[in-house]
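S.K.: Structure supplied as work09.cif; contents: mmCIF, C-alpha atoms.
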```
data_data
#
loop_
_atom_site.label_atom_id
_atom_site.label_comp_id
_atom_site.auth_asym_id
_atom_site.auth_seq_id
_atom_site.Cartn_x
_atom_site.Cartn_y
_atom_site.Cartn_z
CA MET A 1 0.00 0.00 0.00
CA ARG A 2 2.91 2.38 0.74
CA LEU A 3 4.41 1.63 -2.68
CA ASP A 4 1.02 2.33 -4.23
CA LEU A 5 0.95 5.72 -2.47
CA ALA A 6 4.49 6.41 -3.75
CA ARG A 7 3.33 5.67 -7.29
CA LYS A 8 0.33 7.97 -6.96
CA ILE A 9 2.45 10.88 -5.65
CA THR A 10 5.07 10.33 -8.39
CA GLU A 11 2.43 10.47 -11.12
CA ILE A 12 0.93 13.68 -9.72
CA MET A 13 4.24 15.46 -9.04
CA GLY A 14 6.14 14.80 -12.25
CA ALA A 15 9.36 16.85 -11.91
CA GLU A 16 7.93 19.27 -9.30
CA GLU A 17 9.46 19.49 -5.82
CA ASN A 18 6.52 20.93 -3.89
CA ARG A 19 2.87 21.19 -4.84
CA ALA A 20 0.00 22.80 -2.96
CA THR A 21 -2.97 20.70 -4.03
CA GLY A 22 -6.65 21.40 -4.58
CA ILE A 23 -7.35 19.86 -1.18
CA ARG A 24 -7.11 22.44 1.58
CA GLY A 25 -4.05 21.87 3.76
CA LEU A 26 -2.58 19.05 1.64
CA THR A 27 0.84 19.49 0.02
CA LEU A 28 2.98 16.92 -1.79
CA HIS A 29 6.78 16.86 -1.79
CA ARG A 30 9.47 15.26 -3.95
CA ARG A 31 13.25 15.54 -3.70
CA ILE A 32 15.85 13.70 -5.78
CA ALA A 33 18.88 14.56 -3.60
CA PRO A 34 19.70 15.35 0.05
CA THR A 35 19.24 18.99 1.04
CA ALA A 36 21.20 21.38 3.22
CA PRO A 37 19.90 22.08 6.74
CA CYS A 38 17.23 24.78 6.55
CA SER A 39 15.66 26.74 9.39
CA MET A 40 11.91 27.05 8.95
CA THR A 41 8.65 27.03 10.89
CA TYR A 42 6.37 24.02 11.07
CA GLU A 43 2.67 24.55 11.70
CA PRO A 44 0.44 21.96 13.37
CA GLY A 45 0.28 19.09 10.93
CA VAL A 46 1.39 15.61 9.99
CA THR A 47 3.98 14.70 7.36
CA VAL A 48 4.00 11.12 6.11
CA ILE A 49 7.21 9.91 4.47
CA VAL A 50 6.38 7.49 1.69
CA GLN A 51 9.93 7.05 0.41
CA GLY A 52 13.33 8.36 1.56
CA ARG A 53 14.25 9.87 4.92
CA LYS A 54 14.18 13.26 6.68
CA ARG A 55 15.72 14.78 9.79
CA VAL A 56 14.16 17.57 11.84
CA ASP A 57 15.98 19.26 14.73
CA LEU A 58 13.94 20.92 17.47
CA GLY A 59 16.24 22.62 19.96
CA GLY A 60 18.68 19.88 21.00
CA THR A 61 16.37 17.02 19.95
CA SER A 62 16.57 15.31 16.56
CA PHE A 63 13.69 13.46 14.88
CA ILE A 64 14.70 11.14 12.04
CA TYR A 65 11.88 9.46 10.17
CA GLY A 66 11.70 7.48 6.98
CA ALA A 67 9.48 5.41 4.71
CA GLY A 68 6.32 4.31 6.46
CA GLN A 69 6.69 6.82 9.32
CA TYR A 70 5.21 10.23 10.07
CA LEU A 71 6.14 13.39 11.95
CA LEU A 72 3.41 15.00 14.06
CA THR A 73 3.68 18.70 14.96
CA SER A 74 1.14 19.96 17.51
CA VAL A 75 2.03 23.68 17.76
CA VAL A 76 3.96 26.16 15.61
CA LEU A 77 7.65 25.26 16.03
CA PRO A 78 10.85 26.80 14.61
CA ILE A 79 12.97 23.87 13.47
CA VAL A 80 15.88 22.88 11.24
CA SER A 81 14.89 20.44 8.50
CA ARG A 82 16.82 18.49 5.90
CA ILE A 83 16.36 15.57 3.50
CA VAL A 84 18.95 12.92 4.39
CA GLU A 85 18.06 10.15 1.95
CA ALA A 86 16.96 10.76 -1.64
CA SER A 87 18.16 10.04 -5.18
CA ALA A 88 16.97 10.40 -8.75
CA GLU A 89 16.21 6.66 -8.81
CA THR A 90 14.47 6.69 -5.41
CA PRO A 91 13.23 10.20 -4.64
CA CYS A 92 12.15 11.25 -1.17
CA LEU A 93 8.36 11.41 -1.39
CA ALA A 94 6.11 12.86 1.28
CA MET A 95 2.66 14.27 1.89
CA SER A 96 1.90 16.94 4.49
CA LEU A 97 -1.50 17.76 5.94
CA LYS A 98 -2.23 20.77 8.15
CA LEU A 99 -4.28 20.00 11.24
CA GLU A 100 -7.31 22.09 12.19
CA MET A 101 -7.81 22.35 15.96
CA PRO A 102 -11.64 22.74 15.73
CA VAL A 103 -11.84 19.38 13.92
CA ILE A 104 -9.59 17.76 16.52
CA ARG A 105 -11.75 19.13 19.37
CA GLU A 106 -14.89 17.89 17.64
CA LEU A 107 -13.47 14.37 17.43
CA LEU A 108 -12.29 14.45 21.03
CA SER A 109 -15.74 15.52 22.22
CA GLN A 110 -17.25 12.21 21.16
CA GLU A 111 -17.78 9.79 24.05
CA GLU A 112 -16.33 6.85 22.13
CA MET A 113 -12.99 8.66 21.65
CA HIS A 114 -10.43 7.47 24.19
CA VAL A 115 -6.89 8.90 24.01
CA ASN A 116 -3.89 8.15 26.21
CA GLU A 117 -2.45 10.80 28.49
CA PRO A 118 0.77 12.40 27.11
CA PRO A 119 4.03 11.49 28.87
CA SER A 120 5.25 14.14 31.28
CA ASP A 121 7.37 16.84 29.61
CA SER A 122 6.95 15.34 26.13
CA PRO A 123 7.57 17.83 23.28
CA ALA A 124 4.93 19.07 20.84
CA MET A 125 6.62 17.01 18.11
CA ALA A 126 6.77 13.23 17.71
CA THR A 127 7.42 10.54 15.14
CA GLY A 128 5.36 7.39 14.72
CA ASP A 129 4.87 4.40 12.45
CA ALA A 130 2.10 4.84 9.90
CA THR A 131 -0.42 2.04 10.30
CA VAL A 132 -2.07 0.27 7.38
CA GLU A 133 -5.27 2.17 8.19
CA LEU A 134 -3.47 5.54 8.12
CA ILE A 135 -1.72 4.79 4.81
CA SER A 136 -5.06 3.64 3.37
CA ALA A 137 -6.68 6.95 4.30
CA CYS A 138 -3.72 8.86 2.80
CA CYS A 139 -4.12 6.91 -0.45
CA ARG A 140 -7.80 7.77 -0.64
CA LEU A 141 -7.11 11.44 0.03
CA VAL A 142 -4.49 11.61 -2.75
CA ASP A 143 -6.86 9.72 -5.09
CA LEU A 144 -9.32 12.62 -4.79
CA LEU A 145 -6.89 14.82 -6.73
CA ASN A 146 -7.84 12.82 -9.83
CA THR A 147 -11.56 13.48 -9.24
CA PRO A 148 -11.72 17.14 -8.18
CA GLN A 149 -15.52 17.11 -8.23
CA ASP A 150 -15.43 14.76 -5.22
CA ILE A 151 -13.10 16.93 -3.11
CA PRO A 152 -15.79 19.18 -1.51
CA PHE A 153 -17.80 16.15 -0.40
CA LEU A 154 -15.19 13.57 0.58
CA SER A 155 -11.94 15.32 1.55
CA GLY A 156 -13.26 16.47 4.93
CA MET A 157 -14.33 12.95 5.90
CA ILE A 158 -11.00 11.43 4.91
CA GLN A 159 -9.04 14.14 6.73
CA ARG A 160 -11.11 13.44 9.85
CA GLU A 161 -10.20 9.77 9.54
CA ILE A 162 -6.49 10.64 9.29
CA ILE A 163 -6.75 12.78 12.45
CA TYR A 164 -8.67 9.98 14.17
CA ARG A 165 -5.97 7.42 13.33
CA ILE A 166 -3.27 9.72 14.72
CA LEU A 167 -5.21 10.52 17.90
CA ARG A 168 -5.67 6.81 18.58
CA GLY A 169 -1.90 6.25 18.45
CA ALA A 170 0.54 6.97 21.26
CA GLU A 171 1.89 10.02 19.41
CA GLY A 172 -1.55 11.67 19.41
CA ALA A 173 -1.59 12.13 23.18
CA ARG A 174 0.18 15.52 23.10
CA LEU A 175 -2.08 16.69 20.29
CA ARG A 176 -5.09 15.85 22.47
CA ALA A 177 -3.63 17.81 25.41
CA ILE A 178 -2.99 20.90 23.28
CA ALA A 179 -6.50 20.78 21.81
CA THR A 180 -8.19 20.35 25.21
CA LEU A 181 -9.37 23.67 26.63
CA GLY A 182 -7.98 24.34 30.10
CA ASP A 183 -5.15 21.84 29.84
CA GLN A 184 -1.69 23.25 30.68
CA SER A 185 -0.50 22.34 27.19
CA HIS A 186 -3.43 24.22 25.66
CA ARG A 187 -2.64 27.29 27.80
CA THR A 188 1.00 27.14 26.77
CA ALA A 189 -0.07 26.86 23.13
CA LYS A 190 -1.93 30.18 23.56
CA ALA A 191 1.36 31.81 24.60
CA ILE A 192 3.14 30.21 21.63
CA ALA A 193 0.45 31.51 19.26
CA TRP A 194 0.79 35.04 20.66
CA ILE A 195 4.56 35.10 20.09
CA ARG A 196 4.15 33.74 16.59
CA THR A 197 1.70 36.50 15.67
CA ASN A 198 3.64 39.26 17.46
CA TYR A 199 7.27 38.14 17.14
CA ALA A 200 8.43 41.60 16.01
CA LYS A 201 7.08 43.24 19.18
CA PRO A 202 8.98 43.50 22.51
CA LEU A 203 8.32 40.44 24.68
CA ARG A 204 7.67 40.58 28.44
CA VAL A 205 7.39 37.08 29.85
CA GLU A 206 5.15 38.41 32.62
CA ASP A 207 2.61 39.52 30.01
CA LEU A 208 2.92 36.16 28.29
CA ALA A 209 2.16 34.34 31.54
CA GLU A 210 -0.96 36.47 31.94
CA ILE A 211 -2.10 35.61 28.41
CA ALA A 212 -1.65 31.92 29.22
CA GLY A 213 -3.26 32.23 32.65
CA MET A 214 -0.22 30.58 34.27
CA GLY A 215 2.47 31.44 36.78
CA LEU A 216 5.90 32.43 35.45
CA SER A 217 7.70 29.27 36.51
CA THR A 218 4.85 27.05 35.29
CA LEU A 219 4.85 28.78 31.90
CA HIS A 220 8.63 28.43 31.56
CA HIS A 221 8.45 24.74 32.45
CA HIS A 222 5.67 23.86 30.01
CA PHE A 223 6.96 26.17 27.25
CA ARG A 224 10.37 24.48 27.32
CA ALA A 225 8.77 21.03 27.45
CA LEU A 226 6.72 21.70 24.30
CA THR A 227 9.26 23.65 22.24
CA SER A 228 12.67 22.67 23.70
CA MET A 229 13.43 26.38 24.16
CA SER A 230 12.49 29.37 26.32
CA PRO A 231 9.94 31.99 25.16
CA LEU A 232 12.75 34.45 24.33
CA GLN A 233 14.70 31.81 22.38
CA TYR A 234 11.51 30.92 20.50
CA GLN A 235 10.91 34.57 19.59
CA LYS A 236 14.53 34.97 18.49
CA GLN A 237 14.32 32.01 16.10
CA LEU A 238 11.11 33.34 14.54
CA ARG A 239 12.68 36.78 14.10
CA LEU A 240 15.87 35.45 12.50
CA GLN A 241 13.98 33.10 10.16
CA ALA A 242 11.74 35.96 9.06
CA ALA A 243 14.76 38.23 8.47
CA ARG A 244 16.45 35.54 6.40
CA ALA A 245 13.35 35.21 4.21
CA LEU A 246 13.13 39.00 3.75
CA MET A 247 16.74 39.11 2.52
CA LEU A 248 16.63 35.96 0.39
CA VAL A 249 13.14 36.24 -1.12
CA ASP A 250 12.44 39.98 -1.04
CA GLY A 251 16.01 41.25 -1.55
CA MET A 252 16.02 43.37 1.60
CA ASP A 253 19.36 44.49 3.08
CA ALA A 254 20.43 43.22 6.51
CA ALA A 255 19.80 46.44 8.45
CA SER A 256 16.29 46.86 7.03
CA ALA A 257 15.46 43.19 7.67
CA ALA A 258 16.70 43.46 11.26
CA PHE A 259 14.51 46.50 11.89
CA GLU A 260 11.51 44.88 10.21
CA VAL A 261 11.55 41.85 12.54
CA GLY A 262 11.99 43.88 15.71
CA TYR A 263 15.74 44.32 16.28
CA GLU A 264 16.91 47.75 17.46
CA SER A 265 20.64 46.90 17.33
CA ALA A 266 22.26 45.85 14.04
CA SER A 267 25.28 44.42 15.87
CA GLN A 268 23.05 42.24 18.07
CA PHE A 269 21.18 41.06 14.97
CA ASN A 270 24.46 40.17 13.22
CA ARG A 271 25.73 38.24 16.27
CA GLU A 272 22.55 36.26 16.76
CA TYR A 273 22.12 35.61 13.02
CA SER A 274 25.69 34.30 12.75
CA ARG A 275 25.14 32.06 15.77
CA LEU A 276 22.01 30.48 14.24
CA PHE A 277 22.99 30.26 10.57
CA GLY A 278 26.78 29.92 10.86
CA GLN A 279 27.82 33.14 9.08
CA PRO A 280 26.89 36.85 8.89
CA PRO A 281 23.62 37.78 7.13
CA MET A 282 24.73 38.88 3.68
CA ARG A 283 27.42 36.22 3.39
CA ASP A 284 24.78 33.62 4.27
CA ILE A 285 22.45 34.96 1.57
CA ARG A 286 25.27 34.90 -1.03
CA THR A 287 25.99 31.28 -0.07
CA LEU A 288 22.33 30.31 -0.45
CA ARG A 289 22.21 31.95 -3.90
CA SER A 290 25.44 30.32 -5.07
CA PRO A 291 24.96 27.82 -7.91
CA ASP A 292 27.21 25.38 -6.02
CA ALA A 293 25.08 25.47 -2.86
CA LEU A 294 23.09 22.42 -1.82
CA PRO A 295 19.35 22.97 -2.33
CA ILE A 296 17.22 23.76 0.71
CA GLU A 297 13.60 22.81 1.30
CA SER A 298 12.10 26.31 1.47
CA VAL A 299 12.46 29.62 3.25
CA GLY A 300 9.43 31.60 4.33
CA ASN A 301 8.12 34.17 6.73
CA PRO A 302 6.78 32.52 9.91
CA GLN A 303 3.56 34.48 9.58
CA ALA A 304 3.05 33.36 5.99
CA ASN A 305 3.74 29.61 6.28
#
```
Kindly transcribe the structure held in the file into structure tokens.

M.R.:
Amino acid sequence: MRLDLARKITEIMGAEENRATGIRGLTLHRRIAPTAPCSMTYEPGVTVIVQGRKRVDLGGTSFIYGAGQYLLTSVVLPIVSRIVEASAETPCLAMSLKLEMPVIRELLSQEEMHVNEPPSDSPAMATGDATVELISACCRLVDLLNTPQDIPFLSGMIQREIIYRILRGAEGARLRAIATLGDQSHRTAKAIAWIRTNYAKPLRVEDLAEIAGMGLSTLHHHFRALTSMSPLQYQKQLRLQAARALMLVDGMDAASAAFEVGYESASQFNREYSRLFGQPPMRDIRTLRSPDALPIESVGNPQAN
């Protein structure tokens, strides 16, 4: 069944690397070579690897997942992603589906839905093995791309089944906690969402704790558990990723990009940028544009992804 899904994605993609499909939230991916590490932002969603292998670094934790496995992301997370196994003969093939919290809450509200409690201090990211039932649902969702007239009627049902299959697995426990109103993980997710929307603004952790309805120490504890970083480190990564996209995609100079994402000191921006990306801003952009550079997955503004 996994090989059948690989064939379906290959036929749809042709020579493309990324395709946003006619099904809301569904994107398909194809790479024929390993890629360089790329800092980006993952939204809540699930990525199923059909062929090949990927690595995602969240803080000091690495998630490596390959054919027949998936990566679940429960909140917006700044990560470093790379393709580690792909070739022209055996491309890395994947499908990604964004997760809608209202749909997750609707499923969880049903009495028949029983989900395990998340392990203490588990992050908002996990890998799992794709069951036969999950792969089957993915196949049926991709099949709809060949019958677009059926998408409005059937895609929602199949996406609900995919979410159901994930929630029933061990990896879905954290997703349940984040979707459950009043849960500490849900409160922490509110703080994460505020930073993501307002990353260019000054951040006072006391105000963030008030938004989350939590004490300072409790917020710090749960924030680090979910994201593997502190609120200020999280904001910094979003700012630097956004600045990189402004320079690479929009052609903005370093000083203007720094100001745009909230930095008041150019020297501080240069130091922190070099620490995250390995070299000063404009040298990094020249390297990325070099014809000899390894390809990267994508670079985008955290508010736009």

S.K.: Kindly resolve the PyMOL selection byres ((chain A and resi 219-228) around 10) on the present coordinates and return the residues as a ChimeraX atom specification.

M.R.: /A:58-61,74-79,120-125,174,178,184-185,187-189,191-192,205-206,208-210,212-218,229-231,233-234

S.K.: Measure the distance from atom CA of A:Arg204 to atom CA of A:Glu43 in Å and round it to one decimal.

M.R.: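 One can read the atom CA of A:Arg204 to atom CA of A:Glu43 distance as 23.7 Å.
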
S.K.: Using the chain letters and numbers from the file, which residues does the PyMOL selection byres ((chain A and resi 19-23) around 9) grab, as a PyMOL selection string?

M.R.: chain A and resi 13+16-18+24-30+141-142+144-145+148+151-152+155

S.K.: List the neighbours of A:Gln51 out to 9 Å using all atoms listed in the file; skip same-chain residues closer than 5 positions along the sequence, and give me the result as number ranges by chain.

M.R.: A: 2-3, 6, 66-68, 85-86, 90-94

S.K.: Would you kindly identify which residues have an atom no farther than 8 Å from (-6.4, 11.4, 4.2), using only C-alpha atoms and the file's own coordinates, and write them out as a CSV table (one decimal) with C-alpha atoms, keeping the file's coordinate frame?

M.R.:
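File produced: part-v5.csv:
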```csv
chain,number,residue,atom,x,y,z
A,134,LEU,CA,-3.5,5.5,8.1
A,136,SER,CA,-5.1,3.6,3.4
A,137,ALA,CA,-6.7,7.0,4.3
A,138,CYS,CA,-3.7,8.9,2.8
A,139,CYS,CA,-4.1,6.9,-0.4
A,140,ARG,CA,-7.8,7.8,-0.6
A,141,LEU,CA,-7.1,11.4,0.0
A,142,VAL,CA,-4.5,11.6,-2.8
A,155,SER,CA,-11.9,15.3,1.6
A,158,ILE,CA,-11.0,11.4,4.9
A,159,GLN,CA,-9.0,14.1,6.7
A,160,ARG,CA,-11.1,13.4,9.8
A,161,GLU,CA,-10.2,9.8,9.5
A,162,ILE,CA,-6.5,10.6,9.3
```

S.K.: Selected by the PyMOL selection byres ((chain A and resi 263) around 10) in the shown coordinates: which residues, as a list in words?

M.R.: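 Applied to this file, the PyMOL selection byres ((chain A and resi 263) around 10) returns Ala200, Lys201, Pro202, Lys236, Arg239, Leu240, Ala243, Ala255, Ser256, Ala257, Ala258, Phe259, Glu260, Val261, Gly262, Glu264, Ser265, Ala266, Ser267, Gln268 and Phe269 of chain A.
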
S.K.: Which value, in Å to one decimal, gives the distance between atom CA of A:Leu288 and atom CA of A:Gly52?

M.R.: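 Separation of atom CA of A:Leu288 and atom CA of A:Gly52: 23.8 Å.
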
S.K.: Would you compute the distance between atom CA of A:Asp207 and atom CA of A:Trp194? Give it in Å to one decimal.

M.R.: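 Distance between the two atoms: 10.5 Å.
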
S.K.: For A:Pro37, work out the shell of residues within 9 Å, counting all atoms listed in the file and skipping chain neighbours fewer than 2 positions away, then give it as a list of chain:residue names.

M.R.: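 So the residues in contact are A:Thr35, A:Ser39, A:Arg55, A:Val56, A:Val80, A:Ser81, A:Arg82, A:Ile83, A:Ile296, A:Glu297.
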
S.K.: What's around A:Ser87 at 8 Å? Count all atoms listed in the file, leave out sequence neighbours fewer than 5 positions away in its own chain, and write the answer as a list in words.

M.R.: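 The residues satisfying every condition are Arg31, Ile32, Ala33, Pro34 and Cys92 of chain A.
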
S.K.: Which residue, A:Lys98, A:Arg105, A:Arg165, A:Arg53, has the smallest gap to A:Val84 when you use only C-alpha atoms?

M.R.: A:Arg53
